[in-house]
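Peer 1: Pasting start.txt here (compact mmCIF, C-alpha atoms):
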```
# COMPACT_ATOMS: atom_id res chain seq x y z
CA MET A 1383 23.98 -137.53 -33.56
CA ARG A 1384 26.83 -136.66 -31.27
CA ARG A 1385 28.43 -139.44 -29.32
CA PRO A 1386 28.57 -138.88 -25.55
CA ASP A 1387 32.30 -138.18 -25.71
CA ASP A 1388 31.62 -135.41 -28.23
CA VAL A 1389 29.46 -133.49 -25.83
CA ARG A 1390 31.35 -130.51 -24.50
CA PRO A 1391 30.94 -129.61 -20.87
CA ARG A 1392 28.64 -126.70 -20.28
CA ARG A 1393 30.37 -123.54 -19.23
CA ARG A 1394 29.62 -122.38 -15.75
CA PRO A 1395 28.03 -118.98 -15.64
CA ARG A 1396 30.56 -116.40 -14.58
CA ARG A 1397 29.82 -114.96 -11.18
CA LEU A 1398 29.42 -111.23 -11.22
CA SER A 1399 30.98 -109.48 -8.27
CA ALA A 1400 29.04 -106.78 -6.51
CA PRO A 1401 29.92 -103.30 -7.75
CA PRO A 1402 32.39 -101.51 -5.51
CA ALA A 1403 31.03 -98.88 -3.21
CA PRO A 1404 31.76 -95.26 -4.10
CA SER A 1405 34.93 -94.01 -2.42
CA SER A 1406 32.93 -91.68 -0.17
CA ARG A 1407 30.87 -94.56 1.23
CA VAL A 1408 31.55 -97.14 3.91
CA SER A 1409 29.54 -99.93 5.46
CA LEU A 1410 27.26 -98.96 8.32
CA ALA A 1411 29.22 -101.09 10.80
CA ARG A 1412 32.50 -99.50 9.71
CA ALA A 1413 30.98 -96.03 9.93
CA LEU A 1414 30.00 -96.58 13.55
CA SER A 1415 33.53 -97.73 14.28
CA LYS A 1416 34.99 -94.74 12.43
CA PHE A 1417 32.77 -92.40 14.43
CA GLY A 1418 34.26 -93.86 17.61
CA VAL A 1419 30.84 -95.09 18.74
CA CYS A 1420 31.87 -98.71 19.27
CA SER A 1421 33.96 -101.48 17.76
CA ARG A 1422 32.86 -103.02 14.48
CA LYS A 1423 31.81 -106.24 16.25
CA GLU A 1424 29.68 -104.25 18.67
CA ALA A 1425 28.21 -102.32 15.74
CA VAL A 1426 27.07 -105.57 14.10
CA ARG A 1427 25.30 -106.57 17.32
CA TRP A 1428 23.71 -103.16 17.82
CA ILE A 1429 22.42 -103.13 14.24
CA ALA A 1430 20.96 -106.63 14.66
CA ASP A 1431 19.27 -105.47 17.88
CA GLY A 1432 17.52 -102.66 16.01
CA ARG A 1433 19.36 -99.87 17.81
CA VAL A 1434 20.72 -98.18 14.67
CA GLY A 1435 18.84 -96.06 12.16
CA VAL A 1436 19.70 -94.53 8.79
CA GLY A 1437 17.64 -91.64 7.45
CA GLY A 1438 15.00 -92.06 10.15
CA ALA A 1439 14.43 -95.79 9.58
CA ILE A 1440 15.83 -98.73 11.54
CA GLU A 1441 18.56 -100.53 9.57
CA VAL A 1442 19.24 -104.24 10.16
CA SER A 1443 22.12 -104.80 7.71
CA PRO A 1444 25.65 -103.96 8.90
CA GLU A 1445 26.81 -104.05 5.26
CA ARG A 1446 24.49 -101.24 4.19
CA TRP A 1447 26.55 -98.65 2.31
CA ILE A 1448 26.21 -95.12 3.65
CA ASP A 1449 27.81 -91.76 2.99
CA PRO A 1450 28.81 -90.39 6.40
CA ARG A 1451 28.76 -86.85 5.00
CA HIS A 1452 25.08 -86.96 4.04
CA ASP A 1453 23.27 -89.93 5.63
CA ARG A 1454 21.83 -89.29 9.08
CA VAL A 1455 22.82 -92.15 11.38
CA THR A 1456 21.34 -92.63 14.85
CA VAL A 1457 22.07 -94.95 17.75
CA ASP A 1458 19.22 -95.30 20.23
CA GLY A 1459 17.67 -92.25 18.59
CA ARG A 1460 20.75 -90.05 19.01
CA ALA A 1461 22.43 -88.70 15.88
CA VAL A 1462 26.08 -89.60 15.39
CA GLY A 1463 28.65 -88.28 12.95
CA ASP A 1464 26.61 -85.14 12.32
CA PRO A 1465 28.74 -83.04 9.95
CA ALA A 1466 26.42 -80.02 9.86
CA GLU A 1467 29.17 -77.94 11.45
CA ARG A 1468 32.68 -79.22 10.91
CA ILE A 1469 34.68 -79.46 14.08
CA VAL A 1470 38.30 -80.57 14.41
CA LEU A 1471 39.97 -80.88 17.80
CA ALA A 1472 43.59 -81.35 18.89
CA PHE A 1473 43.67 -83.41 22.08
CA HIS A 1474 46.64 -84.28 24.26
CA LYS A 1475 45.84 -87.86 25.15
CA PRO A 1476 47.31 -88.93 28.47
CA ALA A 1477 48.65 -92.45 28.91
CA GLY A 1478 46.15 -94.81 30.51
CA LEU A 1479 43.13 -93.89 28.36
CA LEU A 1480 41.63 -96.05 25.61
CA THR A 1481 40.93 -94.51 22.22
CA THR A 1482 37.31 -95.61 22.07
CA ARG A 1483 33.97 -94.29 23.19
CA VAL A 1484 32.92 -97.15 25.46
CA ASP A 1485 35.00 -99.96 26.95
CA PRO A 1486 33.06 -103.12 27.92
CA GLY A 1487 35.45 -103.58 30.85
CA GLY A 1488 34.72 -100.14 32.21
CA ARG A 1489 38.24 -98.78 31.72
CA PRO A 1490 38.58 -94.99 31.22
CA THR A 1491 38.46 -93.68 27.66
CA ILE A 1492 39.44 -90.45 25.95
CA TYR A 1493 35.81 -89.28 26.14
CA SER A 1494 35.95 -89.20 29.92
CA ALA A 1495 38.74 -86.64 29.62
CA LEU A 1496 37.20 -84.71 26.70
CA GLY A 1497 33.92 -83.93 28.42
CA ASP A 1498 31.28 -82.09 26.38
CA VAL A 1499 32.73 -80.65 23.17
CA GLY A 1500 29.33 -79.72 21.74
CA ARG A 1501 29.44 -82.20 18.86
CA TRP A 1502 29.79 -85.91 18.30
CA VAL A 1503 33.41 -86.40 17.26
CA PHE A 1504 35.43 -89.51 16.51
CA PRO A 1505 39.19 -90.11 16.84
CA VAL A 1506 41.28 -89.97 13.68
CA GLY A 1507 43.33 -93.12 14.06
CA ARG A 1508 44.22 -94.49 17.46
CA LEU A 1509 46.84 -94.34 20.15
CA ASP A 1510 47.14 -97.41 22.35
CA ARG A 1511 46.38 -97.13 26.05
CA ASP A 1512 50.02 -96.69 27.09
CA THR A 1513 50.83 -94.07 24.42
CA SER A 1514 50.28 -90.36 24.99
CA GLY A 1515 50.35 -87.35 22.71
CA LEU A 1516 48.54 -85.68 19.86
CA LEU A 1517 45.19 -87.11 18.80
CA ILE A 1518 42.84 -85.43 16.34
CA LEU A 1519 39.08 -85.79 16.74
CA THR A 1520 36.53 -84.60 14.19
CA ASN A 1521 33.09 -85.15 12.70
CA ASP A 1522 34.52 -84.80 9.17
CA HIS A 1523 34.83 -88.29 7.70
CA ARG A 1524 36.74 -87.10 4.62
CA LEU A 1525 39.39 -85.40 6.72
CA GLY A 1526 39.65 -88.48 8.91
CA HIS A 1527 40.16 -90.67 5.86
CA ARG A 1528 42.81 -88.37 4.41
CA LEU A 1529 44.84 -88.32 7.60
CA THR A 1530 44.76 -92.11 8.11
CA ASP A 1531 44.99 -93.43 4.54
CA PRO A 1532 48.63 -94.46 3.92
CA GLU A 1533 48.31 -93.38 0.27
CA HIS A 1534 48.19 -89.74 1.39
CA MET A 1535 51.45 -90.21 3.31
CA VAL A 1536 50.67 -87.78 6.10
CA PRO A 1537 53.70 -87.93 8.45
CA LYS A 1538 53.18 -88.74 12.12
CA THR A 1539 56.08 -87.92 14.43
CA TYR A 1540 56.76 -89.90 17.60
CA HIS A 1541 59.27 -89.57 20.41
CA ALA A 1542 60.09 -92.97 21.88
CA ARG A 1543 62.15 -93.78 24.96
CA VAL A 1544 63.72 -97.17 24.32
CA THR A 1545 65.93 -99.56 26.24
CA GLY A 1546 69.63 -99.33 25.50
CA ILE A 1547 71.41 -97.12 22.99
CA PRO A 1548 70.61 -98.10 19.38
CA GLU A 1549 73.69 -98.29 17.20
CA GLU A 1550 73.75 -97.28 13.56
CA PRO A 1551 72.78 -100.72 12.15
CA ALA A 1552 69.59 -100.70 14.25
CA LEU A 1553 68.79 -97.11 13.23
CA ALA A 1554 69.46 -97.96 9.57
CA ALA A 1555 67.12 -100.95 9.78
CA LEU A 1556 64.34 -98.80 11.22
CA ARG A 1557 64.85 -96.22 8.46
CA ALA A 1558 64.79 -98.82 5.70
CA GLY A 1559 61.76 -100.67 7.08
CA VAL A 1560 61.66 -103.85 9.11
CA VAL A 1561 59.74 -107.10 8.84
CA LEU A 1562 57.54 -107.53 11.92
CA PRO A 1563 57.01 -110.93 13.58
CA ASP A 1564 53.71 -111.42 11.74
CA GLY A 1565 55.50 -111.02 8.40
CA THR A 1566 54.30 -107.47 7.77
CA ALA A 1567 56.93 -105.15 6.28
CA THR A 1568 56.95 -101.52 7.37
CA ARG A 1569 57.58 -98.59 5.06
CA SER A 1570 60.75 -96.59 5.20
CA SER A 1571 60.75 -93.92 7.90
CA ARG A 1572 62.87 -91.11 9.29
CA VAL A 1573 64.67 -91.96 12.50
CA ARG A 1574 67.20 -90.10 14.60
CA LEU A 1575 68.69 -90.42 18.05
CA LEU A 1576 67.63 -87.48 20.22
CA GLY A 1577 69.70 -88.30 23.28
CA THR A 1578 70.48 -90.79 26.00
CA GLY A 1579 69.65 -90.91 29.69
CA ARG A 1580 71.53 -91.99 32.79
CA ASP A 1581 69.12 -94.91 33.23
CA GLY A 1582 70.42 -96.67 30.14
CA THR A 1583 67.56 -95.62 27.87
CA SER A 1584 67.53 -93.45 24.75
CA TRP A 1585 65.06 -91.13 23.06
CA LEU A 1586 64.38 -91.63 19.36
CA GLU A 1587 62.39 -89.51 16.95
CA ILE A 1588 60.50 -91.66 14.44
CA VAL A 1589 58.42 -90.25 11.57
CA LEU A 1590 55.96 -92.64 9.91
CA THR A 1591 53.57 -92.32 6.97
CA GLU A 1592 51.47 -95.33 7.90
CA GLY A 1593 49.69 -96.49 11.04
CA LYS A 1594 49.89 -100.19 11.68
CA ASN A 1595 48.74 -101.47 15.07
CA ARG A 1596 51.33 -100.58 17.76
CA GLN A 1597 53.77 -100.00 14.93
CA VAL A 1598 56.47 -97.99 16.70
CA ARG A 1599 56.58 -100.46 19.58
CA ARG A 1600 56.79 -103.44 17.25
CA MET A 1601 59.45 -101.83 15.05
CA CYS A 1602 61.71 -100.99 17.98
CA ALA A 1603 61.27 -104.44 19.51
CA ALA A 1604 62.24 -105.98 16.16
CA VAL A 1605 65.68 -104.31 16.38
CA GLY A 1606 66.14 -105.19 20.05
CA HIS A 1607 65.13 -101.93 21.76
CA ASP A 1608 61.80 -102.17 23.55
CA VAL A 1609 59.78 -98.99 23.97
CA ARG A 1610 59.43 -97.77 27.55
CA GLU A 1611 57.54 -94.55 26.79
CA LEU A 1612 55.91 -93.26 23.62
CA VAL A 1613 54.55 -89.81 22.72
CA ARG A 1614 53.11 -88.64 19.40
CA VAL A 1615 54.26 -85.04 19.03
CA ARG A 1616 53.13 -84.10 15.52
CA ILE A 1617 50.66 -84.98 12.78
CA GLY A 1618 51.54 -83.38 9.45
CA GLY A 1619 52.37 -79.77 10.29
CA LEU A 1620 50.34 -79.73 13.50
CA GLY A 1621 52.41 -80.03 16.67
CA LEU A 1622 51.47 -80.93 20.22
CA ASP A 1623 53.25 -77.79 21.38
CA ASP A 1624 52.28 -76.69 24.91
CA LEU A 1625 48.89 -78.42 25.03
CA ALA A 1626 48.67 -79.93 28.52
CA PRO A 1627 47.85 -83.64 29.03
CA GLY A 1628 44.08 -84.10 29.05
CA ALA A 1629 43.47 -80.71 27.41
CA TRP A 1630 42.05 -80.04 23.96
CA ARG A 1631 41.54 -77.10 21.67
CA ARG A 1632 39.55 -76.49 18.52
CA LEU A 1633 41.51 -75.96 15.32
CA ASP A 1634 40.79 -72.97 13.12
CA GLU A 1635 40.22 -73.18 9.38
CA HIS A 1636 43.86 -72.29 8.58
CA GLU A 1637 45.11 -75.18 10.72
CA ILE A 1638 42.58 -77.55 9.18
CA ALA A 1639 43.61 -76.48 5.68
CA ALA A 1640 47.25 -77.11 6.59
CA LEU A 1641 46.33 -80.62 7.77
CA GLU A 1642 44.52 -81.29 4.51
CA ARG A 1643 47.64 -80.27 2.58
CA GLY A 1644 49.97 -82.16 4.89
CA GLY A 1645 50.60 -85.33 2.88
CA ALA A 1646 53.78 -86.04 0.95
CA ARG A 1647 53.74 -86.37 -2.83
CA ARG A 1648 52.72 -89.79 -4.03
CA GLY A 1649 55.74 -91.92 -4.73
CA THR A 1650 57.90 -90.21 -2.12
CA ALA A 1651 59.76 -92.90 -0.20
CA VAL A 1652 60.19 -91.03 3.07
CA PRO A 1653 58.39 -88.19 4.87
CA PRO A 1654 59.44 -84.55 4.48
CA PRO A 1655 62.41 -83.21 6.48
CA TYR A 1656 62.16 -82.78 10.22
CA VAL A 1657 60.48 -79.79 11.77
CA GLY A 1658 60.68 -78.64 15.36
CA GLU A 1659 63.51 -78.45 17.84
CA ASP A 1660 66.33 -80.95 18.06
CA ARG A 1661 66.33 -82.39 21.57
CA ARG A 1662 69.88 -83.57 21.97
CA GLY A 1663 71.58 -84.37 25.21
CA GLY A 1664 68.78 -86.43 26.78
CA ARG A 1665 65.34 -85.77 28.01
```
Since I need it in another form, could you write the structure as structure tokens?

Peer 2:
Amino acid sequence: MRRPDDVRPRRRPRRLSAPPAPSSRVSLARALSKFGVCSRKEAVRWIADGRVGVGGAIEVSPERWIDPRHDRVTVDGRAVGDPAERIVLAFHKPAGLLTTRVDPGGRPTIYSALGDVGRWVFPVGRLDRDTSGLLILTNDHRLGHRLTDPEHMVPKTYHARVTGIPEEPALAALRAGVVLPDGTATRSSRVRLLGTGRDGTSWLEIVLTEGKNRQVRRMCAAVGHDVRELVRVRIGGLGLDDLAPGAWRRLDEHEIAALERGGARRGTAVPPPYVGEDRRGGR
């Protein structure tokens, strides 16, 4: 017989992790957020309240995996994210609007300016309330993922009016990537000085391939030049051009195809060279 000290401890059964969801699928709560219907927290509440359906049946789990391209999702009986006809819009977001469908505080959102576009569309990424410029809206989840996933390195070009006149060390730091106050490091970017104004501010052009929350503002503040005004002028090869604030237009298939091809090669450290006019001498 074995003595007690000879008894080996029993091995704990190894916990099996849940299989990862297919790349085309997202949780139901995340899908509602991606569609621009509501925030993810609101989605969890709406699902618990029985307001959300998948495939004609009420769904009570916010973690339910769905494929936004194929699964029919409804909120209060209304279909959302319907990709039957792909639609992609370029919208010139004015400052002062939130990039969300509904704001609990009643503040104006981009949908109040869009009006009826004939389809349920969601914003691809976000611009904060004080930022204006190019915003893409679509019902194509795959396109939305491609344009926002940092791995695809789709360049987004911003023009920022900042306090003071950044000297070369500050510009070099922005190009190399800075560490933000929360410890997050930004990727390298393309930065150039466009011009200076009589009010002691300067205009910078900044090209990013990622989209952290309020990233341009936080980057500039980190090098001592707070942003006073911020406009996104280009996404990939699509420019804001002469689209008036508050106006939108539907993209054709050639423009959509160009967006889909717009990412840099994987492993490229910085975005492609600049495109568009060089605005020197102030703005």

Peer 1: Check the smallest atom-to-atom distance from each of A:Arg1468, A:Arg1483, A:Arg1407, A:Arg1614 to A:Cys1420 using all atoms listed in the file, then report the winner.

Peer 2: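 The closest residue to A:Cys1420 is A:Arg1483.
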
Peer 1: Can you measure atom CA of A:Val1499 to atom CA of A:Arg1511 for me? One decimal in Å is fine.

Peer 2: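 Separating atom CA of A:Val1499 from atom CA of A:Arg1511 is a distance of 21.6 Å.
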
Peer 1: Closest to A:Val1609 among A:Gly1515, A:Gly1438, A:Pro1505, A:Pro1548, using all atoms listed in the file?

Peer 2: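 Answer, going by the shortest atom-to-atom distance: A:Pro1548.
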
Peer 1: For stretch 1563-1567 of chain A, list every protein, DNA or RNA residue within 10 Å, evaluated using all atoms listed in the file, and leave out those in the same chain fewer than 6 positions away; present the list as an mmCIF file with C-alpha atoms, in the frame of the given file.

Peer 2:
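Resulting contents of selection03.cif:
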```
data_model
loop_
_atom_site.group_PDB
_atom_site.id
_atom_site.type_symbol
_atom_site.label_atom_id
_atom_site.label_comp_id
_atom_site.auth_asym_id
_atom_site.auth_seq_id
_atom_site.Cartn_x
_atom_site.Cartn_y
_atom_site.Cartn_z
ATOM 1 C CA LYS A 1594 49.890 -100.190 11.680
ATOM 2 C CA ARG A 1600 56.790 -103.440 17.250
ATOM 3 C CA MET A 1601 59.450 -101.830 15.050
ATOM 4 C CA ALA A 1603 61.270 -104.440 19.510
ATOM 5 C CA ALA A 1604 62.240 -105.980 16.160
#
```

Peer 1: Pick out the closest residue to A:Val1457 from this set: A:Val1442, A:Val1419, A:Ile1469, A:Leu1479. Count only C-alpha atoms.

Peer 2: A:Val1419

Peer 1: What gap, in Å, lies between atom CA of A:Val1573 and atom CA of A:Thr1513?

Peer 2: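 Between atom CA of A:Val1573 and atom CA of A:Thr1513 the gap is 18.4 Å.
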
Peer 1: Taking the point (43.1, -87.8, 16.7) as given in the file, collect each protein or nucleic acid residue that comes within 8 Å of it, counting only C-alpha atoms, and present the set as a PDB file with C-alpha atoms, in the coordinates of the input.

Peer 2:
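In the end it all went to result34.pdb:
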```pdb
ATOM      1  CA  LEU A1471      39.970 -80.880  17.800  1.00  0.00           C
ATOM      2  CA  ALA A1472      43.590 -81.350  18.890  1.00  0.00           C
ATOM      3  CA  PHE A1473      43.670 -83.410  22.080  1.00  0.00           C
ATOM      4  CA  PHE A1504      35.430 -89.510  16.510  1.00  0.00           C
ATOM      5  CA  PRO A1505      39.190 -90.110  16.840  1.00  0.00           C
ATOM      6  CA  VAL A1506      41.280 -89.970  13.680  1.00  0.00           C
ATOM      7  CA  GLY A1507      43.330 -93.120  14.060  1.00  0.00           C
ATOM      8  CA  ARG A1508      44.220 -94.490  17.460  1.00  0.00           C
ATOM      9  CA  LEU A1516      48.540 -85.680  19.860  1.00  0.00           C
ATOM     10  CA  LEU A1517      45.190 -87.110  18.800  1.00  0.00           C
ATOM     11  CA  ILE A1518      42.840 -85.430  16.340  1.00  0.00           C
ATOM     12  CA  LEU A1519      39.080 -85.790  16.740  1.00  0.00           C
ATOM     13  CA  THR A1520      36.530 -84.600  14.190  1.00  0.00           C
TER      14      THR A1520
END
```

Peer 1: Taking all atoms listed in the file into account, name the residue in A:Ser1443, A:Ser1584, A:Thr1539, A:Ser1514 that is nearest to A:Lys1475.

Peer 2: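 That would be A:Ser1514, the residue with the smallest distance to A:Lys1475.
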
Peer 1: Looking at all atoms listed in the file, which of A:Ala1413, A:Asp1485, A:Ala1495, A:Glu1549 is the one that sits closest to A:Trp1447?

Peer 2: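 Looking only at the distances to A:Trp1447, the closest residue turns out to be A:Ala1413.
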
Peer 1: Which is closest to A:Ala1639 among A:Gly1618, A:Gly1579, A:Pro1532, A:Gly1488, if we use all atoms listed in the file?

Peer 2: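 Residue with the minimum atom-to-atom distance to A:Ala1639: A:Gly1618.
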
Peer 1: In Å, with one decimal, what is the gap from atom CA of A:Arg1451 to atom CA of A:His1534?

Peer 2: 20.0 Å

Peer 1: Show which residues sit within 12 Å of A:Arg1446, as number ranges by chain. Count all atoms listed in the file, and ignore same-chain residues fewer than 6 positions away.

Peer 2: A: 1403, 1407-1414, 1426, 1429, 1434-1436, 1440, 1453, 1455
